[in-house]
$ cat final-v2.cif   # mmCIF, C-alpha atoms
data_query
#
loop_
_atom_site.label_atom_id
_atom_site.label_comp_id
_atom_site.auth_asym_id
_atom_site.auth_seq_id
_atom_site.Cartn_x
_atom_site.Cartn_y
_atom_site.Cartn_z
CA MET A 1 6.33 9.20 5.01
CA PRO A 2 8.54 6.12 4.83
CA ASN A 3 12.21 6.86 5.23
CA ASP A 4 13.39 6.31 1.68
CA HIS A 5 16.55 4.80 0.34
CA ALA A 6 18.81 7.75 1.19
CA SER A 7 21.16 5.98 3.60
CA VAL A 8 23.55 3.36 2.23
CA ALA A 9 26.14 1.02 3.62
CA GLU A 10 29.83 1.75 3.35
CA PRO A 11 31.23 -0.24 0.42
CA ALA A 12 32.77 -3.58 1.28
CA THR A 13 36.53 -3.85 0.99
CA SER A 14 37.12 -5.42 -2.42
CA PRO A 15 39.03 -4.87 -5.66
CA ASN A 16 36.04 -2.83 -6.78
CA GLY A 17 35.99 -0.54 -3.77
CA GLN A 18 37.11 2.59 -5.62
CA ARG A 19 34.64 2.00 -8.46
CA LEU A 20 31.87 1.48 -5.94
CA GLN A 21 32.77 4.76 -4.23
CA GLN A 22 32.58 6.56 -7.57
CA ALA A 23 29.23 4.96 -8.30
CA MET A 24 27.92 6.11 -4.93
CA GLN A 25 29.07 9.66 -5.66
CA CYS A 26 27.21 9.63 -8.98
CA HIS A 27 24.16 8.16 -7.27
CA GLY A 28 24.19 10.76 -4.51
CA SER A 29 24.40 13.62 -7.03
CA GLY A 30 21.48 12.28 -9.09
CA ARG A 31 23.52 11.03 -12.06
CA LEU A 32 21.60 7.77 -12.12
CA ASP A 33 22.65 6.50 -15.54
CA GLU A 34 26.33 6.82 -14.64
CA ALA A 35 25.73 5.23 -11.25
CA GLU A 36 23.85 2.30 -12.75
CA ALA A 37 26.61 1.64 -15.27
CA ALA A 38 29.21 1.73 -12.50
CA TYR A 39 27.26 -0.61 -10.21
CA ARG A 40 26.82 -3.06 -13.09
CA GLY A 41 30.54 -2.83 -13.79
CA VAL A 42 31.28 -3.85 -10.21
CA LEU A 43 28.84 -6.75 -10.46
CA ALA A 44 30.34 -7.92 -13.74
CA ASP A 45 33.59 -8.52 -11.84
CA GLU A 46 32.03 -9.55 -8.52
CA PRO A 47 28.42 -10.78 -9.04
CA ALA A 48 27.77 -11.37 -5.33
CA ASN A 49 29.04 -8.00 -4.09
CA PRO A 50 26.32 -7.22 -1.52
CA ASP A 51 26.79 -3.44 -1.51
CA ALA A 52 26.63 -3.14 -5.30
CA LEU A 53 23.54 -5.38 -5.40
CA HIS A 54 21.86 -3.35 -2.66
CA LEU A 55 22.72 0.05 -4.12
CA LEU A 56 21.67 -0.93 -7.64
CA GLY A 57 18.42 -2.17 -6.12
CA VAL A 58 17.95 1.16 -4.36
CA LEU A 59 18.55 2.97 -7.65
CA GLN A 60 16.03 0.81 -9.50
CA ALA A 61 13.48 1.51 -6.78
CA GLN A 62 14.07 5.23 -7.32
CA ARG A 63 13.30 4.67 -11.00
CA GLY A 64 10.06 2.86 -10.09
CA ARG A 65 11.34 -0.57 -11.18
CA HIS A 66 10.22 -2.32 -8.04
CA ASP A 67 10.39 -5.93 -9.24
CA GLU A 68 14.02 -5.57 -10.28
CA ALA A 69 14.77 -3.63 -7.10
CA ALA A 70 13.32 -6.41 -4.97
CA THR A 71 15.34 -9.07 -6.82
CA LEU A 72 18.59 -7.14 -6.40
CA ILE A 73 18.13 -6.31 -2.72
CA ALA A 74 17.06 -9.89 -2.00
CA ALA A 75 20.32 -11.00 -3.60
CA ALA A 76 22.20 -8.55 -1.39
CA ILE A 77 20.50 -10.04 1.66
CA ALA A 78 21.44 -13.53 0.53
CA ALA A 79 25.05 -12.39 0.26
CA ASN A 80 25.01 -10.59 3.61
CA PRO A 81 21.94 -11.54 5.65
CA LEU A 82 23.07 -9.67 8.78
CA GLU A 83 23.01 -6.13 7.31
CA ALA A 84 19.96 -4.40 8.80
CA MET A 85 19.94 -1.67 6.15
CA PHE A 86 19.34 -4.22 3.40
CA HIS A 87 16.25 -5.54 5.19
CA ASN A 88 14.95 -2.00 5.77
CA ASN A 89 15.23 -1.08 2.11
CA PHE A 90 13.76 -4.40 1.02
CA GLY A 91 10.83 -3.52 3.25
CA ASN A 92 10.52 -0.15 1.51
CA VAL A 93 10.38 -1.79 -1.91
CA CYS A 94 7.77 -4.28 -0.71
CA SER A 95 5.73 -1.47 0.82
CA GLU A 96 5.80 0.54 -2.40
CA SER A 97 4.67 -2.58 -4.28
CA GLY A 98 1.74 -3.17 -1.91
CA ARG A 99 3.32 -6.27 -0.32
CA LEU A 100 2.68 -5.03 3.19
CA ALA A 101 3.09 -8.30 5.07
CA GLU A 102 6.56 -8.81 3.55
CA ALA A 103 7.42 -5.19 4.29
CA GLU A 104 6.45 -5.57 7.94
CA ALA A 105 8.52 -8.72 8.29
CA SER A 106 11.51 -6.96 6.72
CA TYR A 107 11.30 -3.96 9.04
CA LEU A 108 11.03 -6.26 12.05
CA ARG A 109 14.06 -8.23 10.86
CA ALA A 110 16.04 -4.99 10.43
CA LEU A 111 15.17 -4.00 13.98
CA GLN A 112 16.05 -7.45 15.27
CA LEU A 113 19.50 -7.05 13.74
CA ASP A 114 19.96 -3.43 14.81
CA GLY A 115 17.53 -2.02 17.36
CA THR A 116 18.98 1.49 16.90
CA ARG A 117 17.68 1.88 13.33
CA VAL A 118 15.06 4.55 13.84
CA ASP A 119 14.47 4.68 10.07
CA ALA A 120 13.20 1.08 10.15
CA LEU A 121 11.11 1.83 13.24
CA ASN A 122 9.64 4.89 11.49
CA ASN A 123 8.86 2.84 8.39
CA LEU A 124 7.16 0.22 10.56
CA GLY A 125 4.97 2.91 12.12
CA VAL A 126 3.91 4.20 8.69
CA LEU A 127 3.16 0.67 7.52
CA LEU A 128 1.04 -0.14 10.59
CA GLY A 129 -1.01 2.97 9.87
CA ALA A 130 -1.50 1.88 6.26
CA ARG A 131 -2.69 -1.52 7.49
CA GLY A 132 -5.29 0.10 9.74
CA ASP A 133 -3.53 -0.45 13.07
CA ALA A 134 -3.85 3.12 14.32
CA GLN A 135 -2.95 2.28 17.90
CA GLY A 136 0.13 0.32 16.91
CA ALA A 137 1.25 3.02 14.48
CA GLU A 138 0.99 5.74 17.09
CA LYS A 139 2.88 3.69 19.67
CA VAL A 140 5.74 3.06 17.24
CA LEU A 141 5.91 6.63 15.94
CA ARG A 142 5.94 8.07 19.46
CA ARG A 143 8.79 5.72 20.27
CA VAL A 144 10.75 7.00 17.26
CA VAL A 145 10.21 10.62 18.30
CA GLU A 146 11.32 9.75 21.82
CA LEU A 147 14.49 8.03 20.58
CA ALA A 148 15.30 10.63 17.90
CA PRO A 149 13.63 14.01 18.62
CA ASP A 150 15.46 15.58 15.66
CA PHE A 151 14.21 12.99 13.14
CA ALA A 152 11.90 15.21 11.07
CA ASP A 153 10.32 12.38 9.03
CA ALA A 154 9.05 10.66 12.16
CA ARG A 155 7.69 13.90 13.58
CA GLN A 156 5.87 14.53 10.31
CA ASN A 157 4.44 11.03 10.29
CA LEU A 158 3.22 11.33 13.87
CA ALA A 159 1.68 14.75 13.17
CA ASN A 160 -0.08 13.36 10.09
CA HIS A 161 -1.32 10.38 12.09
CA LEU A 162 -2.82 12.65 14.75
CA PHE A 163 -4.33 14.93 12.09
CA ARG A 164 -6.01 12.04 10.31
CA GLY A 165 -7.50 10.95 13.61
CA GLY A 166 -9.02 14.38 14.20
CA ARG A 167 -6.64 15.18 17.07
CA LEU A 168 -5.78 18.56 15.63
CA ALA A 169 -4.42 20.23 18.77
CA GLU A 170 -1.97 17.36 19.27
CA ALA A 171 -1.00 17.56 15.59
CA VAL A 172 -0.30 21.27 16.03
CA GLN A 173 2.02 20.56 18.95
CA GLN A 174 3.97 17.97 16.96
CA CYS A 175 4.31 20.44 14.07
CA VAL A 176 5.52 23.19 16.39
CA ASP A 177 8.04 20.87 18.04
CA GLY A 178 9.18 19.53 14.68
CA LEU A 179 9.70 22.97 13.15
CA VAL A 180 12.19 23.78 15.90
CA VAL A 181 14.60 21.22 14.43
CA ALA A 182 13.38 21.28 10.81
CA PRO A 183 12.26 24.89 10.23
CA ARG A 184 12.07 24.48 6.45
CA SER A 185 9.89 21.36 6.48
CA ALA A 186 7.11 21.94 3.95
CA VAL A 187 5.11 19.02 5.36
CA LEU A 188 5.10 20.42 8.89
CA ARG A 189 4.40 23.98 7.77
CA ARG A 190 1.48 22.92 5.61
CA LEU A 191 0.01 20.63 8.24
CA LEU A 192 0.36 23.29 10.92
CA GLY A 193 -1.44 25.92 8.84
CA VAL A 194 -4.25 23.56 7.83
CA SER A 195 -4.68 22.33 11.41
CA TYR A 196 -4.94 25.90 12.71
CA SER A 197 -7.57 26.64 10.04
CA MET A 198 -9.63 23.58 10.92
CA LEU A 199 -9.45 24.53 14.61
CA GLY A 200 -10.90 27.94 13.73
CA MET A 201 -7.59 29.68 14.54
CA LYS A 202 -7.57 31.73 11.35
CA ASP A 203 -5.10 34.39 12.49
CA GLU A 204 -2.58 31.73 13.48
CA ALA A 205 -3.01 29.98 10.14
CA ILE A 206 -2.50 33.20 8.21
CA ALA A 207 0.64 33.86 10.24
CA VAL A 208 2.01 30.44 9.21
CA TRP A 209 1.43 31.09 5.50
CA ARG A 210 2.84 34.62 5.62
CA ALA A 211 5.92 33.56 7.55
CA TRP A 212 6.51 30.82 4.99
CA LEU A 213 6.23 33.32 2.13
CA GLN A 214 8.60 35.68 3.89
CA ALA A 215 11.14 32.86 4.14
CA GLU A 216 10.43 31.58 0.60
CA PRO A 217 8.89 34.32 -1.59
CA GLY A 218 6.68 32.88 -4.31
CA ASN A 219 6.28 29.46 -2.65
CA ALA A 220 3.32 27.91 -4.45
CA LEU A 221 2.01 25.96 -1.44
CA ALA A 222 2.07 28.94 0.91
CA GLU A 223 0.46 31.25 -1.66
CA HIS A 224 -2.35 28.81 -2.39
CA HIS A 225 -3.18 28.18 1.26
CA LEU A 226 -2.97 31.86 2.18
CA ARG A 227 -5.57 32.61 -0.50
CA ALA A 228 -7.75 29.78 0.78
CA CYS A 229 -7.50 31.15 4.31
CA THR A 230 -8.10 34.83 3.51
CA GLY A 231 -10.49 34.37 0.57
CA GLU A 232 -8.50 37.01 -1.32
CA ASP A 233 -7.30 36.60 -4.92
CA VAL A 234 -8.63 33.03 -5.08
CA PRO A 235 -7.61 31.50 -8.43
CA ALA A 236 -10.04 29.76 -10.77
CA ARG A 237 -8.04 26.59 -10.19
CA ALA A 238 -4.94 25.57 -8.31
CA ALA A 239 -1.74 26.65 -10.04
CA ASP A 240 0.22 23.97 -11.89
CA ALA A 241 3.22 24.66 -9.62
CA TYR A 242 1.10 23.97 -6.52
CA VAL A 243 -0.29 20.70 -7.87
CA GLN A 244 3.12 19.48 -9.02
CA ARG A 245 4.81 20.32 -5.74
CA VAL A 246 2.10 18.72 -3.60
CA PHE A 247 1.93 15.48 -5.55
CA ASP A 248 5.60 15.08 -6.36
CA GLY A 249 6.17 15.40 -2.62
CA PHE A 250 3.45 12.86 -1.80
CA ALA A 251 4.27 10.33 -4.51
CA ALA A 252 6.42 7.98 -2.44
CA SER A 253 3.82 7.54 0.30
CA PHE A 254 0.63 8.54 -1.52
CA ASP A 255 -1.13 5.17 -1.54
CA ALA A 256 -0.41 4.55 2.14
CA LYS A 257 -1.73 8.00 3.07
CA LEU A 258 -4.93 7.44 1.07
CA ALA A 259 -5.46 4.05 2.68
CA ALA A 260 -5.27 5.73 6.07
CA LEU A 261 -7.87 8.28 4.91
CA SER A 262 -10.38 5.58 3.85
CA TYR A 263 -10.09 6.97 0.33
CA ARG A 264 -12.94 5.79 -1.92
CA ALA A 265 -12.91 7.95 -5.06
CA PRO A 266 -11.51 5.33 -7.49
CA GLU A 267 -13.99 2.73 -6.21
CA LEU A 268 -16.88 5.20 -6.52
CA VAL A 269 -15.84 6.15 -10.05
CA ALA A 270 -15.64 2.49 -11.07
CA GLN A 271 -19.09 1.83 -9.66
CA ALA A 272 -20.49 4.76 -11.65
CA VAL A 273 -18.76 3.49 -14.79
CA ALA A 274 -20.47 0.14 -14.25
CA ARG A 275 -23.83 1.93 -14.02
CA HIS A 276 -23.38 4.08 -17.12
CA ALA A 277 -20.79 2.62 -19.52
CA GLY A 278 -22.57 -0.59 -20.41
CA THR A 279 -21.45 -4.20 -20.19
CA PRO A 280 -17.66 -4.36 -20.01
CA GLN A 281 -16.22 -5.76 -23.25
CA ARG A 282 -12.70 -4.32 -23.24
CA ASP A 283 -13.56 -2.22 -26.27
CA LEU A 284 -13.35 1.40 -25.08
CA GLU A 285 -10.75 4.14 -25.52
CA VAL A 286 -10.43 5.38 -21.92
CA LEU A 287 -8.70 8.39 -20.38
CA ASP A 288 -7.84 8.49 -16.68
CA ALA A 289 -7.71 12.26 -16.21
CA GLY A 290 -5.46 13.00 -13.26
CA CYS A 291 -4.37 9.38 -12.94
CA GLY A 292 -2.08 9.85 -9.91
CA THR A 293 -0.41 6.59 -8.91
CA GLY A 294 -2.78 4.57 -11.09
CA LEU A 295 -5.36 3.39 -8.56
CA CYS A 296 -8.12 3.47 -11.19
CA ALA A 297 -6.31 1.32 -13.76
CA PRO A 298 -7.23 -2.16 -12.45
CA LEU A 299 -10.81 -1.05 -11.78
CA LEU A 300 -11.24 0.22 -15.36
CA ALA A 301 -9.55 -2.74 -17.06
CA PRO A 302 -12.79 -4.63 -17.91
CA TRP A 303 -13.88 -1.72 -20.14
CA THR A 304 -10.62 -0.72 -21.77
CA ARG A 305 -9.11 -1.51 -25.12
CA HIS A 306 -6.65 1.36 -24.64
CA LEU A 307 -6.08 3.17 -21.34
CA ALA A 308 -4.24 6.48 -21.21
CA GLY A 309 -3.34 8.40 -18.06
CA VAL A 310 -2.52 12.08 -17.79
CA ASP A 311 -1.16 13.89 -14.73
CA LEU A 312 0.87 16.98 -13.88
CA SER A 313 3.10 15.16 -11.40
CA ALA A 314 6.11 13.26 -12.74
CA GLY A 315 6.40 11.48 -9.39
CA MET A 316 2.83 10.20 -9.62
CA LEU A 317 3.30 9.07 -13.21
CA GLN A 318 6.38 7.09 -12.19
CA LYS A 319 4.27 5.26 -9.63
CA ALA A 320 1.51 4.65 -12.19
CA GLN A 321 4.07 3.25 -14.63
CA ALA A 322 5.33 0.86 -11.98
CA ARG A 323 1.79 -0.19 -11.06
CA GLY A 324 1.02 -1.00 -14.69
CA GLY A 325 -2.23 -1.21 -16.63
CA TYR A 326 -1.72 1.87 -18.82
CA ASP A 327 -0.99 1.86 -22.54
CA GLU A 328 0.07 5.50 -22.41
CA LEU A 329 1.09 7.92 -19.65
CA VAL A 330 1.52 11.64 -20.32
CA GLN A 331 2.69 14.50 -18.11
CA ALA A 332 0.46 17.43 -19.01
CA GLU A 333 -2.15 19.86 -17.75
CA LEU A 334 -5.53 18.18 -18.06
CA VAL A 335 -7.56 20.75 -20.02
CA ALA A 336 -4.73 21.41 -22.48
CA PHE A 337 -4.32 17.66 -23.02
CA LEU A 338 -8.04 17.21 -23.76
CA ARG A 339 -8.00 20.07 -26.27
CA GLU A 340 -4.97 18.69 -28.09
CA ARG A 341 -6.15 15.10 -28.54
CA GLY A 342 -9.37 15.70 -30.43
CA ARG A 343 -12.57 13.63 -30.29
CA ARG A 344 -10.93 10.39 -29.23
CA TRP A 345 -12.38 9.03 -25.99
CA ASP A 346 -15.28 6.69 -25.31
CA LEU A 347 -14.87 7.21 -21.57
CA ILE A 348 -13.15 9.88 -19.49
CA VAL A 349 -12.84 9.35 -15.74
CA SER A 350 -11.41 11.66 -13.11
CA ALA A 351 -11.16 10.53 -9.49
CA ASP A 352 -10.52 13.35 -7.04
CA THR A 353 -8.73 15.58 -9.56
CA LEU A 354 -11.34 18.27 -10.20
CA CYS A 355 -11.18 19.24 -6.54
CA TYR A 356 -8.13 21.24 -7.65
CA PHE A 357 -10.34 23.18 -10.07
CA GLY A 358 -12.72 25.90 -8.91
CA ALA A 359 -14.35 26.93 -12.18
CA LEU A 360 -15.26 23.81 -14.19
CA GLU A 361 -16.37 25.46 -17.45
CA ALA A 362 -13.06 24.98 -19.30
CA PHE A 363 -12.80 21.36 -18.25
CA ALA A 364 -16.42 20.56 -19.17
CA ALA A 365 -16.07 22.16 -22.61
CA ALA A 366 -12.80 20.35 -23.31
CA ALA A 367 -14.23 17.01 -22.14
CA ALA A 368 -17.34 17.45 -24.30
CA GLN A 369 -15.14 18.10 -27.35
CA ALA A 370 -12.92 15.12 -26.54
CA LEU A 371 -15.71 12.54 -26.15
CA ARG A 372 -16.94 10.49 -29.07
CA PRO A 373 -20.71 10.36 -29.68
CA GLN A 374 -22.40 8.62 -26.74
CA GLY A 375 -19.15 8.78 -24.80
CA ARG A 376 -19.29 8.94 -21.02
CA LEU A 377 -17.69 11.29 -18.49
CA VAL A 378 -17.46 10.14 -14.85
CA PHE A 379 -15.79 12.10 -12.04
CA THR A 380 -15.89 13.10 -8.40
CA VAL A 381 -15.84 16.54 -6.78
CA GLU A 382 -16.15 17.60 -3.17
CA ALA A 383 -19.57 18.87 -2.14
CA LEU A 384 -20.11 22.46 -1.09
CA ASP A 385 -23.77 21.92 -0.24
CA ALA A 386 -23.80 18.38 1.11
CA ALA A 387 -25.68 19.38 4.26
CA GLY A 388 -28.77 20.25 2.26
CA GLY A 389 -30.06 23.32 0.50
CA GLU A 390 -28.15 25.39 -2.01
CA ALA A 391 -24.83 27.04 -1.18
CA ALA A 392 -24.42 30.73 -1.99
CA ALA A 393 -21.29 30.24 -4.12
CA ASP A 394 -20.72 27.92 -7.08
CA HIS A 395 -17.40 26.74 -5.67
CA ARG A 396 -15.11 27.51 -2.78
CA LEU A 397 -11.44 27.00 -1.97
CA LEU A 398 -11.28 25.35 1.46
CA GLU A 399 -8.55 25.45 4.08
CA HIS A 400 -7.11 22.08 3.07
CA GLY A 401 -6.31 23.49 -0.37
CA ARG A 402 -9.02 21.75 -2.40
CA TYR A 403 -12.16 23.23 -3.95
CA SER A 404 -15.70 22.14 -3.21
CA HIS A 405 -18.58 22.59 -5.65
CA ARG A 406 -22.31 23.23 -5.53
CA ARG A 407 -24.31 20.40 -7.04
CA GLY A 408 -26.49 22.67 -9.16
CA TYR A 409 -23.41 24.43 -10.50
CA VAL A 410 -21.82 21.14 -11.59
CA GLN A 411 -25.00 20.10 -13.37
CA GLY A 412 -25.37 23.48 -15.06
CA VAL A 413 -21.78 23.53 -16.31
CA LEU A 414 -22.14 20.09 -17.89
CA GLN A 415 -25.41 21.03 -19.55
CA ALA A 416 -23.94 24.27 -20.88
CA ALA A 417 -21.13 22.23 -22.45
CA GLY A 418 -23.71 20.14 -24.32
CA LEU A 419 -23.56 17.06 -22.11
CA ASP A 420 -26.50 15.13 -20.69
CA VAL A 421 -26.28 14.75 -16.91
CA LEU A 422 -26.87 11.12 -15.93
CA GLU A 423 -26.04 11.23 -12.22
CA THR A 424 -24.96 13.55 -9.39
CA SER A 425 -25.16 11.39 -6.30
CA GLY A 426 -23.75 12.10 -2.85
CA ALA A 427 -21.00 9.99 -1.30
CA VAL A 428 -18.23 10.17 1.30
CA LEU A 429 -14.94 10.41 -0.62
CA ARG A 430 -12.47 10.19 2.30
CA THR A 431 -11.87 11.43 5.83
CA GLU A 432 -10.02 14.65 6.67
CA GLY A 433 -9.00 15.60 10.19
CA GLY A 434 -11.16 12.76 11.46
CA GLU A 435 -14.27 14.04 9.65
CA PRO A 436 -15.99 12.66 6.52
CA VAL A 437 -15.42 14.57 3.27
CA HIS A 438 -18.67 14.58 1.30
CA GLY A 439 -18.67 14.72 -2.46
CA TRP A 440 -20.62 14.27 -5.68
CA VAL A 441 -20.21 11.29 -7.97
CA VAL A 442 -21.04 12.69 -11.40
CA ALA A 443 -21.76 10.99 -14.72
CA ALA A 444 -22.61 12.66 -18.04
CA ALA A 445 -22.97 11.62 -21.66
CA ALA A 446 -22.09 13.16 -25.00
CA HIS A 447 -24.78 13.36 -27.68
#

$ encode --input "final-v2.cif" --output "structure tokens"
Amino acid sequence: MPNDHASVAEPATSPNGQRLQQAMQCHGSGRLDEAEAAYRGVLADEPANPDALHLLGVLQAQRGRHDEAATLIAAAIAANPLEAMFHNNFGNVCSESGRLAEAEASYLRALQLDGTRVDALNNLGVLLGARGDAQGAEKVLRRVVELAPDFADARQNLANHLFRGGRLAEAVQQCVDGLVVAPRSAVLRRLLGVSYSMLGMKDEAIAVWRAWLQAEPGNALAEHHLRACTGEDVPARAADAYVQRVFDGFAASFDAKLAALSYRAPELVAQAVARHAGTPQRDLEVLDAGCGTGLCAPLLAPWTRHLAGVDLSAGMLQKAQARGGYDELVQAELVAFLRERGRRWDLIVSADTLCYFGALEAFAAAAAQALRPQGRLVFTVEALDAAGGEAAADHRLLEHGRYSHRRGYVQGVLQAAGLDVLETSGAVLRTEGGEPVHGWVVAAAAH
């Protein structure tokens, strides 16, 4: 994950120094409204104060206001072009806005000014991975770990990089080494347990989950993965607490991670919409069910008169708001949201969200009731029986924490809900541990 905007410069000596210190204290304790007012007060008296400009920019980035954040931090750089931290955080804002070339240049400038900034070097490694330079990313991340063995973020990023490349044993070693210095790291614990599972080391994986639960009783991530590993007490769908914790934790670096996984679900959903929703005329009421950071929004725009997004994760919704394209964004559980809104939608899409559902009956019934006559439902799920033949179970919770579904089961559930099945075609949705993840692209129609 990119090192975020946690570190800040000491305030410059100025008449506003005490006010700036107070603003920083508010900022550090999460009192963002008070901090913003204080930063603006400093700037009212001293418009070119570089620390106030930078810190207000950092705050706006935390709120998802990336354009304003970029303007403020750029002004801080203009006022003090030799402060490496400003360039690092400008790079973070550019990265979060998808301006990867600018981000790379900013990280390199930060390192040129201060070669000891391992946060900028770590961010550069993450960015190179997002741009598809796997070799360059690994070289940089290994350098960070060498320079700062206790830097947990870099260790996590290197472990994730190795995991994505299918080098599971090496990922395990990085997790083990990282947990020595960051024993409470949820990222390292989760990656270690999943890697053990994918290596066939089931006992070791179970030990990871149980040790985590002993340290943190009731931890939603550990409980979910332990059930996936043992096959005992498997829930009908992932608990809301699990989904929220996973995606709130991933929000800051979600798009970069998906890029590194060759993630295709939004593209596949849009292609299916093109096949089944008719000529785009910007006249449909559309719901993006499980909208995440909003990757589907620009792909759906040709069909939408009104686009709503619903997601459990506040962090994801903040990213979707910043990305734009939505007329409405709601934090809610998907099935409950569908039941509450009535027969409103001409098109419901769901890219890679139903993999957190095992049983699909409640979702299918709610979607059928929420679609207008002749409305379309398009979604992806992971395939339980992609290798051919019929799987014994309707759905299964896999070691990575997502569910896979039998094709015949998906078709039967939709038909039982009163929908006409238009398509269940196979596709590769992403890679996981260096291997393709097969799925079904599904389309159905209301009567």

$ residues_around --input "final-v2.cif" --residues "range 196-205 of chain A" --least-positions-apart "3" --cutoff "12 Å" --atoms "only C-alpha atoms" --output "MDAnalysis selection string"
chainID A and resid 163 166:173 175:176 189:193 208:212 222 225:231 398:401 432:435

$ atom_distance --input "final-v2.cif" --atom1 "CA of Val413 in chain A" --atom2 "CA of Gly375 in chain A"
17.2 Å

$ resolve_selection --input "final-v2.cif" --expression "the PyMOL selection byres ((chain A and resi 294-302) around 7)" --output "list in words"
Pro266, Ala270, Pro280, Gln281, Arg282, Cys291, Gly292, Thr293, Trp303, Thr304, Ala320, Arg323, Gly325 and Tyr326 of chain A

$ closest_residue --input "final-v2.cif" --among "A:Leu124, A:Ala76, A:Val93, A:Ala336" --to "Ala322 in chain A" --atoms "only C-alpha atoms"
A:Val93

$ atom_distance --input "final-v2.cif" --atom1 "CA of Val145 in chain A" --atom2 "CA of Ala103 in chain A"
21.3 Å

$ resolve_selection --input "final-v2.cif" --expression "the PyMOL selection byres ((chain A and resi 32) around 12)" --output "number ranges by chain"
A: 22-31, 33-39, 55-56, 58-63

$ atom_distance --input "final-v2.cif" --atom1 "CA of Thr424 in chain A" --atom2 "CA of Arg237 in chain A"
21.4 Å

$ resolve_selection --input "final-v2.cif" --expression "the PyMOL selection byres ((chain A and resi 52) around 10)" --output "JSON, numbers by chain"
{"A": [9, 11, 12, 16, 17, 20, 23, 24, 36, 38, 39, 40, 41, 42, 43, 46, 47, 48, 49, 50, 51, 53, 54, 55, 56, 57, 58, 72, 73, 76]}

$ write_last_selection --input "final-v2.cif" --atoms "C-alpha atoms" --output "mmCIF file, in the frame of the given file"
data_model
loop_
_atom_site.group_PDB
_atom_site.id
_atom_site.type_symbol
_atom_site.label_atom_id
_atom_site.label_comp_id
_atom_site.auth_asym_id
_atom_site.auth_seq_id
_atom_site.Cartn_x
_atom_site.Cartn_y
_atom_site.Cartn_z
ATOM 1 C CA ALA A 9 26.140 1.020 3.620
ATOM 2 C CA PRO A 11 31.230 -0.240 0.420
ATOM 3 C CA ALA A 12 32.770 -3.580 1.280
ATOM 4 C CA ASN A 16 36.040 -2.830 -6.780
ATOM 5 C CA GLY A 17 35.990 -0.540 -3.770
ATOM 6 C CA LEU A 20 31.870 1.480 -5.940
ATOM 7 C CA ALA A 23 29.230 4.960 -8.300
ATOM 8 C CA MET A 24 27.920 6.110 -4.930
ATOM 9 C CA GLU A 36 23.850 2.300 -12.750
ATOM 10 C CA ALA A 38 29.210 1.730 -12.500
ATOM 11 C CA TYR A 39 27.260 -0.610 -10.210
ATOM 12 C CA ARG A 40 26.820 -3.060 -13.090
ATOM 13 C CA GLY A 41 30.540 -2.830 -13.790
ATOM 14 C CA VAL A 42 31.280 -3.850 -10.210
ATOM 15 C CA LEU A 43 28.840 -6.750 -10.460
ATOM 16 C CA GLU A 46 32.030 -9.550 -8.520
ATOM 17 C CA PRO A 47 28.420 -10.780 -9.040
ATOM 18 C CA ALA A 48 27.770 -11.370 -5.330
ATOM 19 C CA ASN A 49 29.040 -8.000 -4.090
ATOM 20 C CA PRO A 50 26.320 -7.220 -1.520
ATOM 21 C CA ASP A 51 26.790 -3.440 -1.510
ATOM 22 C CA LEU A 53 23.540 -5.380 -5.400
ATOM 23 C CA HIS A 54 21.860 -3.350 -2.660
ATOM 24 C CA LEU A 55 22.720 0.050 -4.120
ATOM 25 C CA LEU A 56 21.670 -0.930 -7.640
ATOM 26 C CA GLY A 57 18.420 -2.170 -6.120
ATOM 27 C CA VAL A 58 17.950 1.160 -4.360
ATOM 28 C CA LEU A 72 18.590 -7.140 -6.400
ATOM 29 C CA ILE A 73 18.130 -6.310 -2.720
ATOM 30 C CA ALA A 76 22.200 -8.550 -1.390
#

$ residues_near_point --input "final-v2.cif" --point "(12.9, 1.3, 6.5)" --cutoff "12 Å" --atoms "all atoms listed in the file" --output "MDAnalysis selection string"
chainID A and resid 1:8 58 84:96 103:111 114 117:127 153:154

$ closest_residue --input "final-v2.cif" --among "A:Gly315, A:Pro149, A:Gly64, A:Gly309" --to "Gln244 in chain A" --atoms "all atoms listed in the file"
A:Gly315

$ closest_residue --input "final-v2.cif" --among "A:Glu333, A:Glu423, A:Glu361, A:Glu102" --to "His395 in chain A" --atoms "only C-alpha atoms"
A:Glu361

$ closest_residue --input "final-v2.cif" --among "A:His276, A:Arg402, A:Arg142, A:Arg343" --to "Val243 in chain A" --atoms "all atoms listed in the file"
A:Arg402

$ closest_residue --input "final-v2.cif" --among "A:Gly426, A:Gly408, A:Arg65, A:Gly249" --to "Lys319 in chain A" --atoms "all atoms listed in the file"
A:Arg65

$ closest_residue --input "final-v2.cif" --among "A:Ala277, A:Ala69, A:Leu312, A:Val378" --to "Ala241 in chain A" --atoms "only C-alpha atoms"
A:Leu312
